[in-house]
Amino acid sequence: MITIKEINVEKTYPLRIEILRNGIPENYHFVGDKHKETIHLGAFLDNKCIGIVTLIPNSHKTFPNVSTYQLRGMAVDKSLQKQGIGKLLIDASFRFLKEGRKYEILWCNARIIAVEFYKKMGFSIKGNKFQIPKVGSHFLMYKVL
Ligand SMILES: CC(C)(COP(=O)(O)OP(=O)(O)OC[C@H]1O[C@@H](n2cnc3c(N)ncnc32)[C@H](O)[C@@H]1OP(=O)(O)O)[C@@H](O)C(=O)NCCC(=O)NCCS
């Protein structure tokens, strides 16, 4: 059975490097990783962390005067993708953000390959495609909490 729980940022590093940085240990620390309101969630199978996501309180110029969280570092072990683990992590993210926190929007910079996944999770695209150096094309996506 897969369980989702809050984890320390250090536990996110192996999957961030392997899945999001193609095994190259560069740029895998995020601004806000250690903010007191940042939430790191892990999906576990037999005590092994097989999926991660990080939620950071962070504003975005597209959503002025609104309290927003940014979703970052979303990754699922390669051999276990498309089996519902990403959805479990997103559902848990919504639950965590709704509990006691007064945030209105969750936004993310979605890689092109993940846009359909985020759409299925209820996110919408805002604006045009843009580039993030060394990572590629992205869309800003958001979900009203
Ligand atoms: C994107 C990612 C996190 C999704 O996690 P996952 O566990 O594979 O997703 P799920 O199995 O929970 O998928 C939920 C739904 O989205 C769909 N989906 C998932 N990834 C998809 C994709 N790349 N394209 C189209 N649909 C996708 C699934 O088919 C499923 O649809 P269904 O409910 O109709 O069956 C994962 O595939 C991953 O780690 N990819 C590589 C890293 C990455 O791109 N991260 C995002 C950075 S912005």
# chains A, B, ... in the order shown; residues from 1 in each chain; ligands from 1
call {"tool": "closest_atom_pairs", "arguments": {"of": "chain A", "to": "ligand 1", "cutoff": "7 Å", "atoms": "only C-alpha atoms and all ligand atoms", "output": "CSV"}}
result
residue,atom,partner,partner_atom_place_in_ligand_line,distance
A:Ile19,CA,ligand 1,42 (C),5.7
A:Leu20,CA,ligand 1,42 (C),5.7
A:Gly73,CA,ligand 1,47 (C),6.4
A:Met74,CA,ligand 1,45 (N),4.9
A:Ala75,CA,ligand 1,39 (O),3.4
A:Val76,CA,ligand 1,39 (O),3.8
A:Asp77,CA,ligand 1,39 (O),6.4
A:Lys78,CA,ligand 1,39 (O),6.7
A:Leu80,CA,ligand 1,7 (O),6.7
A:Gln81,CA,ligand 1,8 (O),3.5
A:Lys82,CA,ligand 1,11 (O),3.1
A:Gln83,CA,ligand 1,11 (O),4.0
A:Gly84,CA,ligand 1,12 (O),3.2
A:Ile85,CA,ligand 1,7 (O),4.0
A:Gly86,CA,ligand 1,7 (O),3.5
A:Lys87,CA,ligand 1,12 (O),3.7
A:Leu88,CA,ligand 1,12 (O),6.5
A:Asn109,CA,ligand 1,48 (S),6.1
A:Ala110,CA,ligand 1,48 (S),4.0
A:Arg111,CA,ligand 1,48 (S),4.4
A:Ile113,CA,ligand 1,23 (N),5.0
A:Ala114,CA,ligand 1,23 (N),4.7
A:Val115,CA,ligand 1,24 (N),6.9
A:Glu116,CA,ligand 1,25 (C),4.5
A:Phe117,CA,ligand 1,16 (O),4.0
A:Lys120,CA,ligand 1,16 (O),5.6
call {"tool": "write_last_selection", "arguments": {"atoms": "C-alpha atoms", "output": "compact mmCIF listing (two decimals), in the first residue's frame"}}
result
# COMPACT_ATOMS: atom_id res chain seq x y z
CA ILE A 19 13.98 12.27 -12.16
CA LEU A 20 14.09 16.07 -12.46
CA GLY A 73 9.78 19.25 -7.41
CA MET A 74 6.96 16.90 -8.39
CA ALA A 75 8.40 13.51 -9.34
CA VAL A 76 7.52 9.84 -9.28
CA ASP A 77 9.99 6.95 -9.57
CA LYS A 78 10.33 6.10 -13.29
CA LEU A 80 6.05 3.50 -11.07
CA GLN A 81 4.75 6.43 -13.14
CA LYS A 82 1.18 6.43 -14.51
CA GLN A 83 -0.07 4.25 -11.65
CA GLY A 84 -1.85 6.94 -9.66
CA ILE A 85 0.98 7.99 -7.31
CA GLY A 86 1.18 11.54 -8.68
CA LYS A 87 -2.56 11.91 -8.12
CA LEU A 88 -2.18 10.72 -4.51
CA ASN A 109 5.67 26.02 -13.70
CA ALA A 110 4.66 22.88 -15.57
CA ARG A 111 6.95 21.12 -18.01
CA ILE A 113 5.33 16.72 -20.71
CA ALA A 114 3.44 17.20 -17.43
CA VAL A 115 0.77 19.67 -18.63
CA GLU A 116 -1.84 16.97 -19.32
CA PHE A 117 -1.21 15.47 -15.88
CA LYS A 120 -6.31 16.13 -15.05
call {"tool": "residues_around", "arguments": {"residues": "Phe94 in chain A", "least_positions_apart": "2", "cutoff": "10 Å", "atoms": "only C-alpha atoms", "output": "list of chain:residue names"}}
result
A:Leu89, A:Ile90, A:Asp91, A:Ala92, A:Phe96, A:Leu97, A:Lys98, A:Glu99, A:Leu106, A:Lys143, A:Val144, A:Leu145
call {"tool": "write_last_selection", "arguments": {"atoms": "N, CA and C atoms", "output": "PDB file, in the first residue's frame"}}
result
ATOM      1  N   LEU A  89      -0.299  12.268  -4.489  1.00  0.00           N
ATOM      2  CA  LEU A  89       0.494  13.389  -3.960  1.00  0.00           C
ATOM      3  C   LEU A  89      -0.239  14.720  -4.135  1.00  0.00           C
ATOM      4  N   ILE A  90      -0.896  14.885  -5.279  1.00  0.00           N
ATOM      5  CA  ILE A  90      -1.628  16.153  -5.521  1.00  0.00           C
ATOM      6  C   ILE A  90      -2.841  16.232  -4.592  1.00  0.00           C
ATOM      7  N   ASP A  91      -3.574  15.124  -4.448  1.00  0.00           N
ATOM      8  CA  ASP A  91      -4.742  15.124  -3.547  1.00  0.00           C
ATOM      9  C   ASP A  91      -4.308  15.481  -2.122  1.00  0.00           C
ATOM     10  N   ALA A  92      -3.172  14.889  -1.684  1.00  0.00           N
ATOM     11  CA  ALA A  92      -2.670  15.181  -0.336  1.00  0.00           C
ATOM     12  C   ALA A  92      -2.246  16.652  -0.242  1.00  0.00           C
ATOM     13  N   PHE A  96      -3.492  19.254   2.573  1.00  0.00           N
ATOM     14  CA  PHE A  96      -2.590  19.982   3.462  1.00  0.00           C
ATOM     15  C   PHE A  96      -2.815  21.487   3.357  1.00  0.00           C
ATOM     16  N   LEU A  97      -3.021  21.973   2.143  1.00  0.00           N
ATOM     17  CA  LEU A  97      -3.141  23.433   1.964  1.00  0.00           C
ATOM     18  C   LEU A  97      -4.492  23.955   2.423  1.00  0.00           C
ATOM     19  N   LYS A  98      -5.474  23.090   2.438  1.00  0.00           N
ATOM     20  CA  LYS A  98      -6.799  23.543   2.878  1.00  0.00           C
ATOM     21  C   LYS A  98      -6.917  23.550   4.394  1.00  0.00           C
ATOM     22  N   GLU A  99      -6.085  22.725   5.053  1.00  0.00           N
ATOM     23  CA  GLU A  99      -6.177  22.608   6.519  1.00  0.00           C
ATOM     24  C   GLU A  99      -5.574  23.826   7.212  1.00  0.00           C
ATOM     25  N   LEU A 106      -2.840  27.590  -5.790  1.00  0.00           N
ATOM     26  CA  LEU A 106      -1.621  26.782  -5.910  1.00  0.00           C
ATOM     27  C   LEU A 106      -1.180  26.890  -7.362  1.00  0.00           C
ATOM     28  N   LYS A 143      -4.303  26.317  -9.752  1.00  0.00           N
ATOM     29  CA  LYS A 143      -5.557  25.721  -9.274  1.00  0.00           C
ATOM     30  C   LYS A 143      -6.060  26.579  -8.110  1.00  0.00           C
ATOM     31  N   VAL A 144      -7.324  26.967  -8.176  1.00  0.00           N
ATOM     32  CA  VAL A 144      -7.932  27.687  -7.050  1.00  0.00           C
ATOM     33  C   VAL A 144      -8.203  26.652  -5.968  1.00  0.00           C
ATOM     34  N   LEU A 145      -7.719  26.959  -4.758  1.00  0.00           N
ATOM     35  CA  LEU A 145      -7.834  25.958  -3.675  1.00  0.00           C
ATOM     36  C   LEU A 145      -9.221  25.951  -3.051  1.00  0.00           C
TER      37      LEU A 145
END
call {"tool": "select_by_dssp", "arguments": {"residues": "range 20-127 of chain A", "states": "strand (DSSP E)", "output": "PyMOL selection string"}}
result
chain A and resi 39-45+48-57+68-76+105-111+124-127
call {"tool": "closest_residue", "arguments": {"among": "A:Val66, A:Ile2, A:Ile17, A:Leu71", "to": "Lys48 in chain A", "atoms": "only C-alpha atoms"}}
result
A:Ile2
call {"tool": "atom_distance", "arguments": {"atom1": "CA of Arg72 in chain A", "atom2": "CA of Leu15 in chain A"}}
result
12.6 Å
call {"tool": "residues_around", "arguments": {"residues": "Ser93 in chain A", "least_positions_apart": "6", "cutoff": "10 Å", "atoms": "only C-alpha atoms", "output": "list in words"}}
result
Ile4, Ile39, His40, Leu41, Val53, Thr54, Leu55, Leu71, Lys87 and Leu106 of chain A
call {"tool": "write_last_selection", "arguments": {"atoms": "N, CA and C atoms", "output": "PDB file, in the first residue's frame"}}
result
ATOM      1  N   ILE A   4       1.166   8.463   2.008  1.00  0.00           N
ATOM      2  CA  ILE A   4       1.726   9.799   1.775  1.00  0.00           C
ATOM      3  C   ILE A   4       1.999  10.424   3.133  1.00  0.00           C
ATOM      4  N   ILE A  39       6.030  22.736   2.766  1.00  0.00           N
ATOM      5  CA  ILE A  39       5.626  21.347   3.048  1.00  0.00           C
ATOM      6  C   ILE A  39       6.277  20.436   2.001  1.00  0.00           C
ATOM      7  N   HIS A  40       6.964  19.415   2.463  1.00  0.00           N
ATOM      8  CA  HIS A  40       7.513  18.394   1.561  1.00  0.00           C
ATOM      9  C   HIS A  40       6.731  17.113   1.809  1.00  0.00           C
ATOM     10  N   LEU A  41       6.170  16.551   0.768  1.00  0.00           N
ATOM     11  CA  LEU A  41       5.414  15.299   0.907  1.00  0.00           C
ATOM     12  C   LEU A  41       6.122  14.179   0.152  1.00  0.00           C
ATOM     13  N   VAL A  53       6.769  15.773  -3.650  1.00  0.00           N
ATOM     14  CA  VAL A  53       6.304  17.087  -4.102  1.00  0.00           C
ATOM     15  C   VAL A  53       6.613  18.078  -2.984  1.00  0.00           C
ATOM     16  N   THR A  54       6.886  19.331  -3.371  1.00  0.00           N
ATOM     17  CA  THR A  54       7.181  20.386  -2.402  1.00  0.00           C
ATOM     18  C   THR A  54       6.231  21.557  -2.622  1.00  0.00           C
ATOM     19  N   LEU A  55       5.702  22.079  -1.524  1.00  0.00           N
ATOM     20  CA  LEU A  55       4.751  23.196  -1.579  1.00  0.00           C
ATOM     21  C   LEU A  55       5.362  24.369  -0.819  1.00  0.00           C
ATOM     22  N   LEU A  71       3.834  24.917  -6.242  1.00  0.00           N
ATOM     23  CA  LEU A  71       4.130  23.479  -6.237  1.00  0.00           C
ATOM     24  C   LEU A  71       5.427  23.277  -7.022  1.00  0.00           C
ATOM     25  N   LYS A  87      -1.222  11.442  -8.557  1.00  0.00           N
ATOM     26  CA  LYS A  87      -2.555  11.906  -8.122  1.00  0.00           C
ATOM     27  C   LYS A  87      -2.666  11.866  -6.597  1.00  0.00           C
ATOM     28  N   LEU A 106      -2.840  27.590  -5.790  1.00  0.00           N
ATOM     29  CA  LEU A 106      -1.621  26.782  -5.910  1.00  0.00           C
ATOM     30  C   LEU A 106      -1.180  26.890  -7.362  1.00  0.00           C
TER      31      LEU A 106
END
call {"tool": "residues_around", "arguments": {"residues": "His138 in chain A", "least_positions_apart": "2", "cutoff": "8 Å", "atoms": "only C-alpha atoms", "output": "mmCIF file with C-alpha atoms, in the first residue's frame"}}
result
data_model
loop_
_atom_site.group_PDB
_atom_site.id
_atom_site.type_symbol
_atom_site.label_atom_id
_atom_site.label_comp_id
_atom_site.auth_asym_id
_atom_site.auth_seq_id
_atom_site.Cartn_x
_atom_site.Cartn_y
_atom_site.Cartn_z
ATOM 1 C CA ASN A 109 5.666 26.015 -13.701
ATOM 2 C CA ALA A 110 4.656 22.880 -15.572
ATOM 3 C CA ARG A 111 6.952 21.124 -18.011
ATOM 4 C CA ILE A 112 5.278 20.480 -21.350
ATOM 5 C CA LYS A 129 4.730 29.006 -23.114
ATOM 6 C CA PHE A 130 8.066 30.163 -21.656
ATOM 7 C CA GLN A 131 11.568 28.755 -21.254
ATOM 8 C CA ILE A 132 13.407 27.827 -18.076
ATOM 9 C CA GLY A 136 13.008 23.548 -21.199
ATOM 10 C CA LEU A 140 2.303 28.603 -15.802
#
call {"tool": "closest_residue", "arguments": {"among": "A:Met1, A:Met141, A:Ile7, A:Val31", "to": "Leu45 in chain A", "atoms": "only C-alpha atoms"}}
result
A:Met1
